[in-house]
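A.B. asks: Please read through the structure below; I'll follow up with questions.
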Amino acid sequence: MIQLLLQILLLPLLFTRTDATFRFASYYGDHMVLQQKPSQAVVWGFGEVGAMVTVTLLRGMDTISKTAVIVKGDVGVWKVLLDPMDYGGPYHLIAHQTFKQEITSIHLDDVLFGDVWLCGGQSNMEMTVSQIFNASKELELASQYPYVRLFTASLVTSDIELLDLAKVDLEWSIPTRKNLGNGDFTYFSAVCWIFGRHLAQKLKYPIGLVESVWGGTPVEAWSSKTALSNCGLSESSKEKIQSRFEVTDTATGPCQYTVLWNAMIHPLLNMTIKGAIWYQGEANTGLNTHLYNCTFPTLIQDWRRSFHEGSLGQTDPNFPFGFVQLSTFMKTQPHDNYPEIRWHQTADYGYAPNPKMPNTFMAVAMDLGDDDSPYGCVHPRDKHTVAYRLYLGAQAIAYGDQSVPFQGPFPETIDVYYNYSYMNITYNEELLINHTCGQIFEVFCSVGININGESHYAWVPAPAKSPSSKVVTVLFKGCSHISAVRYAWYDWPCEYKKCPIYGIHSRLPAPLFIKYFK
Ligand SMILES: *[C@@H]1O[C@H](CO)[C@@H](O)[C@H](O)[C@H]1NC(C)=O
Ligand SMILES: *[C@@H]1O[C@H](CO)[C@@H](O)[C@H](O)[C@H]1NC(C)=O
Ligand SMILES: *[C@@H]1O[C@H](CO)[C@@H](O)[C@H](O)[C@H]1NC(C)=O
Ligand SMILES: *[C@@H]1O[C@H](CO)[C@@H](O)[C@H](O)[C@H]1NC(C)=O
Ligand SMILES: *[C@@H]1O[C@H](CO)[C@@H](O)[C@H](O)[C@H]1NC(C)=O
Ligand SMILES: *[C@@H]1O[C@H](CO)[C@@H](O)[C@H](O)[C@H]1NC(C)=O
């Protein structure tokens with residue numbers, strides 16, 4: 001009898017709760033972080049076309065804001081902007097739908113406001129906390145950061161731009177040992193997590209981390225059609241993929257143009273975010289390598305424009321974008337295209353930000369090689385250092401702390417003295433130099449005359465010394481002429497944390513460079 005009564009009472013409730021047409025989009029959930037002020041967070045979902053949806057934000061019993069909209073479009077979408085909110089929480093968010101006199105409601109619990117960061121790229125971003133050096137110590141930290149929240153999109157491809165994620169691997173969650181180290185290359189991304197927990201510790205407010213990553217994928221898969229056409233790429237111009245590392249990396253991920261943009265980025269455009277970090281490029285050492293100086297900077301511009309539009313103008317159209325300059329691959333059989341991709345990652349400037357890539361920051365990783373990695377040598381296990389270097393860049397670029405050094409030393413001037421057979425390379429800061437690595441500079445040297453009577457050039461190692469704290473003198477005895485100089489232009493330029501040049505104060509490695517002379 002009581003049971004029957006309960007059933008009758010619960011019936012309407014059960015009915016409304018199984019009403020699948022009225023729901024939040026896939027990436028709204030309990031424990032989530034919404035973007036704080038000055039931006040306004042977007043909240044959207046699906047409903048009955050023509051219905052009225054009211055979204056109420058509550059703190060305890062207090063109503064903080066209330067917004068009403070009509071469900072529109074063929075599929076029935078509703079979308080509201082919340083008022084700009086200070087960081088903090090927890091809040092409760094309720095959405096009511098009124099359709100043909102019937103009211104249904106859905107809600108989100110434990111919603112926080114803070115900064116939302118998107119983490120993208122391939123397997124080095126995908127490596128989980130359980131796969132890295134000092135994993136057990138890192139996993140223990142999970143409980144110390146209850147205000148860092150995690151979300152991971154599933155691996156899905158699509159030929160058309162999707163409105164919402166087709167699947168979610170990790171719903172918004174509070175960090176635990178389990179979800180930080182779920183398994184190899186699943187969730188949660190070690191680089192994303194360590195970056196996020198450093199931010200949370202520094203900023204003392206909630207950080208939301210959204211992982212949308214797939215191992216072994218080229219930049220073309222993550223780019224929209226518009227972005228690709230900007231670099232002269234279209235389906236018809238598609239090159240055959242010639243991956244050199246089927247075993248360890250590339251073969252595992254989809255390489256078709258735009259398929260991951262369509263399924264794993266386009267749906268996220270409607271969320272307000274603070275910024276993005278990115279660790280990708282290995283797959284492009286075998287695909288359109290020479291175009292990466294266009295495809296990567298264009299992806300950044302295109303994502304910025306698209307996130308701005310998709311969030312109704314709430315995501316900054318110039319949002320901070322951090323990236324990892326590729327680490328190393330093969331020590332014994334070096335891969336020529338690694339230095340080229342590293343250079344192209346900076347739009348051929350060598351550093352970031354730069355005129356073609358404003359508001360970006362770069363973590364150099366060529367000194368973090370790990371030949372013995374059980375996950376393959378393309379997957380170094382030191383993710384602490386690389387995430388920390390990204391965090392330094394975020395402090396300077398995303399949070400405007402000018403006092404944080406985040407770039408390694410870079411040449412300011414290069415003066416060639418033929419009469420002395422040397423050049424003086426003057427860096428922009430004081431250097432910490434290891435003089436024992438003499439072979440890391442090379443000059444493009446005229447080594448003789450070829451059969452047509454023209455000068456014949458070749459790259460030859462050039463000994464270097466440092467006569468003062470900012471100057472490196474590179475000798476080129478035996479070259480009647482030189483037309484270029486380069487530094488660290490190797491797949492594997494140095495041993496772990498032992499590159500020849502670091503900043504004396506920043507302790508950050510000097511990135512590679514190549515300079516052509518007129
Ligand atoms: C990109 O690099 C290639 C060489 O790999 C060069 O020919 C081209 O001019 C560069 N393009 C841009 C836009 O810098
Ligand atoms: C999300 O933003 C994209 C890009 O502006 C747009 O095409 C799409 O319709 C938006 N989706 C929703 C649900 O507003
Ligand atoms: C791992 O922990 C040890 C001991 O605290 C430390 O010396 C080392 O630098 C850590 N390694 C990384 C990659 O963080
Ligand atoms: C070599 O060239 C530099 C710069 O052009 C000049 O300052 C210097 O006096 C020259 N030295 C000799 C020995 O000619
Ligand atoms: C200097 O470089 C050499 C060669 O890579 C290395 O064996 C040595 O340990 C380095 N010294 C320091 C102080 O890093
Ligand atoms: C090259 O730099 C060193 C160190 O600053 C300096 O002593 C030397 O005079 C420079 N050479 C020339 C030709 O200016």
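Letters A, B, ... go to the chains of the structure tokens in the order shown; residues in each chain start at 1; ligands are counted from 1 in the same order.
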For A:Val324, list every protein, DNA or RNA residue within 12 Å, evaluated using only C-alpha atoms, and leave out those in the same chain fewer than 5 positions away; present the list as a ChimeraX atom specification.
C.D. replies: /A:119-122,124-125,191-192,195,276-282,341-343,345-346,351-352,360-366,368,383,385-391,393,511
A.B. asks: Per residue of chain A within 6 Å of ligand 1, note the shortest atom pair and the distance in Å to one decimal, counting only C-alpha atoms and all ligand atoms, and order the rows by chain and increasing residue number, as CSV.
C.D. replies:
residue,atom,partner,partner_atom_place_in_ligand_line,distance
A:His290,CA,ligand 1,5 (O),3.7
A:Leu291,CA,ligand 1,1 (C),5.7
A:Asn293,CA,ligand 1,1 (C),5.0
A:Cys294,CA,ligand 1,13 (C),5.4
A.B. asks: Taking N, CA and C atoms for each residue, export the selection above as a tab-separated table (two decimals), in the first residue's frame.
C.D. replies:
chain	number	residue	atom	x	y	z
A	290	HIS	N	56.91	20.99	-43.55
A	290	HIS	CA	57.32	22.32	-44.00
A	290	HIS	C	56.19	23.34	-43.92
A	291	LEU	N	54.96	22.88	-43.69
A	291	LEU	CA	53.82	23.80	-43.58
A	291	LEU	C	53.46	24.12	-42.14
A	293	ASN	N	54.81	25.86	-39.97
A	293	ASN	CA	54.94	27.29	-39.62
A	293	ASN	C	53.71	28.07	-40.04
A	294	CYS	N	52.85	27.47	-40.84
A	294	CYS	CA	51.55	28.08	-41.17
A	294	CYS	C	50.42	27.40	-40.40
A.B. asks: Find the residues near ligand 3. Use a cut-off of 9 Å, count only C-alpha atoms and all ligand atoms, and write them as a ChimeraX atom specification.
C.D. replies: /A:132-135,137,381-385
A.B. asks: Those same residues - N, CA, C and O atoms - I'd like them written as a short mmCIF file (atom, residue, chain, number, x, y, z; two decimals), in the first residue's frame.
C.D. replies:
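Below you can see result-v3.cif, which holds the result:
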data_model
loop_
_atom_site.label_atom_id
_atom_site.label_comp_id
_atom_site.auth_asym_id
_atom_site.auth_seq_id
_atom_site.Cartn_x
_atom_site.Cartn_y
_atom_site.Cartn_z
N ILE A 132 54.18 9.00 -15.33
CA ILE A 132 55.32 9.92 -15.31
C ILE A 132 56.29 9.60 -14.16
O ILE A 132 55.98 8.78 -13.29
N PHE A 133 57.45 10.26 -14.16
CA PHE A 133 58.38 10.13 -13.04
C PHE A 133 57.69 10.61 -11.76
O PHE A 133 56.91 11.55 -11.79
N ASN A 134 58.01 9.98 -10.66
CA ASN A 134 57.46 10.36 -9.35
C ASN A 134 55.93 10.30 -9.34
O ASN A 134 55.27 11.09 -8.66
N ALA A 135 55.38 9.33 -10.07
CA ALA A 135 53.92 9.23 -10.21
C ALA A 135 53.24 9.05 -8.85
O ALA A 135 52.23 9.72 -8.57
N LYS A 137 54.06 9.91 -5.88
CA LYS A 137 54.04 11.15 -5.09
C LYS A 137 53.01 12.13 -5.65
O LYS A 137 52.29 12.80 -4.91
N ARG A 381 59.26 10.88 -19.62
CA ARG A 381 58.45 10.78 -18.40
C ARG A 381 58.56 12.00 -17.49
O ARG A 381 57.82 12.10 -16.52
N ASP A 382 59.50 12.91 -17.77
CA ASP A 382 59.54 14.12 -16.94
C ASP A 382 58.49 15.12 -17.43
O ASP A 382 58.75 15.93 -18.31
N LYS A 383 57.31 15.01 -16.85
CA LYS A 383 56.26 15.97 -17.22
C LYS A 383 56.18 17.09 -16.18
O LYS A 383 55.51 18.10 -16.41
N HIS A 384 56.87 16.92 -15.05
CA HIS A 384 56.86 17.99 -14.05
C HIS A 384 57.54 19.24 -14.58
O HIS A 384 57.00 20.33 -14.47
N THR A 385 58.72 19.04 -15.17
CA THR A 385 59.48 20.20 -15.62
C THR A 385 58.76 20.93 -16.75
O THR A 385 58.67 22.16 -16.76
#
A.B. asks: Just want the 12 Å neighbourhood of stretch 466-475 of chain A, counted on only C-alpha atoms, with same-chain residues fewer than 5 positions away dropped. Output as a PyMOL selection string.
C.D. replies: chain A and resi 409-436+438-443+445+460-461+482+484-487+500-505
A.B. asks: Just the selected residues (C-alpha atoms), exported as a CSV table (one decimal), in the first residue's frame, please.
C.D. replies:
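Result went into selection_36.csv, see below:
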chain,number,residue,atom,x,y,z
A,409,PRO,CA,68.1,33.1,-23.5
A,410,PHE,CA,67.9,34.1,-27.2
A,411,PRO,CA,70.4,35.9,-29.5
A,412,GLU,CA,69.9,39.6,-29.7
A,413,THR,CA,72.7,40.4,-32.3
A,414,ILE,CA,75.0,38.3,-34.3
A,415,ASP,CA,78.1,40.0,-35.6
A,416,VAL,CA,80.3,38.2,-38.2
A,417,TYR,CA,84.0,39.1,-38.3
A,418,TYR,CA,85.6,37.6,-41.4
A,419,ASN,CA,88.9,39.2,-40.5
A,420,TYR,CA,88.9,37.1,-37.2
A,421,SER,CA,87.1,34.1,-38.6
A,422,TYR,CA,84.5,34.2,-35.8
A,423,MET,CA,81.2,35.7,-34.9
A,424,ASN,CA,80.0,37.1,-31.7
A,425,ILE,CA,76.5,36.0,-30.7
A,426,THR,CA,75.1,38.3,-28.1
A,427,TYR,CA,72.2,36.9,-26.0
A,428,ASN,CA,69.5,38.9,-24.4
A,429,GLU,CA,70.5,37.7,-20.9
A,430,GLU,CA,73.4,36.4,-18.9
A,431,LEU,CA,74.2,32.8,-19.7
A,432,LEU,CA,75.0,29.6,-17.8
A,433,ILE,CA,77.3,27.8,-20.2
A,434,ASN,CA,78.7,24.3,-20.3
A,435,HIS,CA,81.9,24.7,-22.3
A,436,THR,CA,82.3,21.0,-22.9
A,438,GLY,CA,81.6,22.5,-28.3
A,439,GLN,CA,79.7,20.9,-31.3
A,440,ILE,CA,76.3,22.4,-30.7
A,441,PHE,CA,76.8,25.4,-33.0
A,442,GLU,CA,77.1,24.8,-36.7
A,443,VAL,CA,77.8,27.1,-39.6
A,445,CYS,CA,80.3,27.0,-44.6
A,460,VAL,CA,79.9,22.0,-40.2
A,461,PRO,CA,80.3,22.0,-36.4
A,482,ILE,CA,79.4,31.4,-44.2
A,484,ALA,CA,74.0,30.7,-41.8
A,485,VAL,CA,74.5,29.6,-38.2
A,486,ARG,CA,72.4,27.4,-36.1
A,487,TYR,CA,72.2,26.2,-32.5
A,500,PRO,CA,75.0,23.9,-23.2
A,501,ILE,CA,73.1,27.1,-22.6
A,502,TYR,CA,70.7,28.1,-19.9
A,503,GLY,CA,69.7,31.5,-18.5
A,504,ILE,CA,71.7,32.2,-15.4
A,505,HIS,CA,68.7,33.6,-13.6
A.B. asks: Tell me which protein, DNA and RNA residues are within 8 Å of A:Tyr145, counting only C-alpha atoms, leaving out same-chain ones fewer than 6 positions away, and put them as JSON, numbers by chain.
C.D. replies: {"A": [175, 197, 200]}
A.B. asks: Mind writing the picked residues with N, CA and C atoms as a tab-separated table (two decimals), in the first residue's frame?
C.D. replies:
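Listing of selection.tsv after writing:
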chain	number	residue	atom	x	y	z
A	175	PRO	N	39.62	15.80	-8.22
A	175	PRO	CA	40.76	14.89	-8.43
A	175	PRO	C	40.86	13.78	-7.39
A	197	ARG	N	47.37	22.44	-11.25
A	197	ARG	CA	47.52	22.52	-9.79
A	197	ARG	C	48.52	23.61	-9.39
A	200	ALA	N	46.36	26.69	-9.46
A	200	ALA	CA	45.44	26.73	-8.32
A	200	ALA	C	46.19	27.15	-7.06
A.B. asks: I need the residues in stretch 238-386 of chain A that are helix (DSSP H, G or I) according to DSSP; give them as an MDAnalysis selection string.
C.D. replies: chainID A and resid 250:252 259:270 282:285 289:310 337:344 383:386
A.B. asks: Extract, using only C-alpha atoms, all DNA, RNA and protein residues at most 6 Å from stretch 61-74 of chain A, discarding same-chain residues fewer than 5 positions from it, and format them as a PDB file with N, CA, C and O atoms, in the first residue's frame.
C.D. replies:
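Writing the result to selection_18.pdb gives the following:
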ATOM      1  N   VAL A  49      11.548  22.639 -28.692  1.00  0.00           N
ATOM      2  CA  VAL A  49      11.507  23.880 -29.473  1.00  0.00           C
ATOM      3  C   VAL A  49      10.287  24.707 -29.060  1.00  0.00           C
ATOM      4  O   VAL A  49       9.179  24.179 -28.964  1.00  0.00           O
ATOM      5  N   GLY A  50      10.532  25.955 -28.767  1.00  0.00           N
ATOM      6  CA  GLY A  50       9.445  26.857 -28.382  1.00  0.00           C
ATOM      7  C   GLY A  50       9.247  26.959 -26.885  1.00  0.00           C
ATOM      8  O   GLY A  50       8.568  27.870 -26.406  1.00  0.00           O
ATOM      9  N   ALA A  51       9.840  26.039 -26.113  1.00  0.00           N
ATOM     10  CA  ALA A  51       9.670  26.083 -24.664  1.00  0.00           C
ATOM     11  C   ALA A  51      10.443  27.258 -24.074  1.00  0.00           C
ATOM     12  O   ALA A  51      11.361  27.783 -24.686  1.00  0.00           O
ATOM     13  N   MET A  52      10.036  27.640 -22.857  1.00  0.00           N
ATOM     14  CA  MET A  52      10.753  28.687 -22.132  1.00  0.00           C
ATOM     15  C   MET A  52      11.668  28.004 -21.122  1.00  0.00           C
ATOM     16  O   MET A  52      11.225  27.110 -20.397  1.00  0.00           O
ATOM     17  N   VAL A  53      12.940  28.415 -21.102  1.00  0.00           N
ATOM     18  CA  VAL A  53      13.872  27.849 -20.124  1.00  0.00           C
ATOM     19  C   VAL A  53      14.376  28.958 -19.209  1.00  0.00           C
ATOM     20  O   VAL A  53      14.787  30.022 -19.686  1.00  0.00           O
ATOM     21  N   THR A  54      14.289  28.725 -17.917  1.00  0.00           N
ATOM     22  CA  THR A  54      14.788  29.691 -16.938  1.00  0.00           C
ATOM     23  C   THR A  54      15.965  29.071 -16.198  1.00  0.00           C
ATOM     24  O   THR A  54      15.850  27.959 -15.671  1.00  0.00           O
ATOM     25  N   VAL A  55      17.066  29.777 -16.207  1.00  0.00           N
ATOM     26  CA  VAL A  55      18.268  29.270 -15.537  1.00  0.00           C
ATOM     27  C   VAL A  55      18.515  30.103 -14.289  1.00  0.00           C
ATOM     28  O   VAL A  55      18.621  31.328 -14.364  1.00  0.00           O
ATOM     29  N   THR A  56      18.579  29.431 -13.138  1.00  0.00           N
ATOM     30  CA  THR A  56      18.750  30.127 -11.862  1.00  0.00           C
ATOM     31  C   THR A  56      20.030  29.665 -11.190  1.00  0.00           C
ATOM     32  O   THR A  56      20.285  28.462 -11.080  1.00  0.00           O
TER      33      THR A  56
END
A.B. asks: Step one, run DSSP on the backbone; step two, keep only residues of stretch 301-393 of chain A assigned to strand (DSSP E); then write them as a PyMOL selection string.
C.D. replies: chain A and resi 321-324+360-363
A.B. asks: Please write the residues from the selection above to a file, keeping C-alpha atoms, as a PDB file, in the first residue's frame.
C.D. replies:
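For reference, part_5.pdb as written:
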ATOM      1  CA  PHE A 321      47.779  29.970 -25.724  1.00  0.00           C
ATOM      2  CA  GLY A 322      50.710  28.005 -24.298  1.00  0.00           C
ATOM      3  CA  PHE A 323      52.508  25.188 -26.053  1.00  0.00           C
ATOM      4  CA  VAL A 324      55.349  22.742 -25.557  1.00  0.00           C
ATOM      5  CA  THR A 360      51.466  32.796 -26.660  1.00  0.00           C
ATOM      6  CA  PHE A 361      54.014  31.147 -24.387  1.00  0.00           C
ATOM      7  CA  MET A 362      56.334  28.226 -24.982  1.00  0.00           C
ATOM      8  CA  ALA A 363      57.884  25.553 -22.771  1.00  0.00           C
TER       9      ALA A 363
END
A.B. asks: If you measure from atom CA of A:Leu269 to atom CA of A:Glu211, what distance in Å do you get, rounded to one decimal?
C.D. replies: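 Answer for the atom CA of A:Leu269 to atom CA of A:Glu211 separation: 13.6 Å.
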A.B. asks: Please identify every polymer residue within 7 Å of ligand 2, using only C-alpha atoms and all ligand atoms, and present the set as JSON, numbers by chain.
C.D. replies: {"A": [44, 77, 79, 163, 266, 267, 269, 270, 306, 309, 310, 311]}
A.B. asks: Which residue, A:Thr226, A:Thr285, A:Gln301, A:Ser39, has the smallest gap to A:Phe329 when you use only C-alpha atoms?
C.D. replies: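 Closest residue, counting only C-alpha atoms: A:Thr285.
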A.B. asks: Excluding A:Phe113 and its own-chain neighbours fewer than 2 positions away, which residues fall within 8 Å of it when counting only C-alpha atoms? Please give them as JSON, numbers by chain.
C.D. replies: {"A": [33, 34, 35, 36, 85, 86, 87, 88, 89, 111, 115, 206]}
A.B. asks: Quick one: everything within 10 Å of A:Ser154, counting only C-alpha atoms, minus sequence neighbours fewer than 3 positions away in the same chain. Send it as JSON, numbers by chain.
C.D. replies: {"A": [151, 157, 165, 166, 167, 168, 169, 170, 186, 187, 211, 212, 213, 214, 263, 264]}
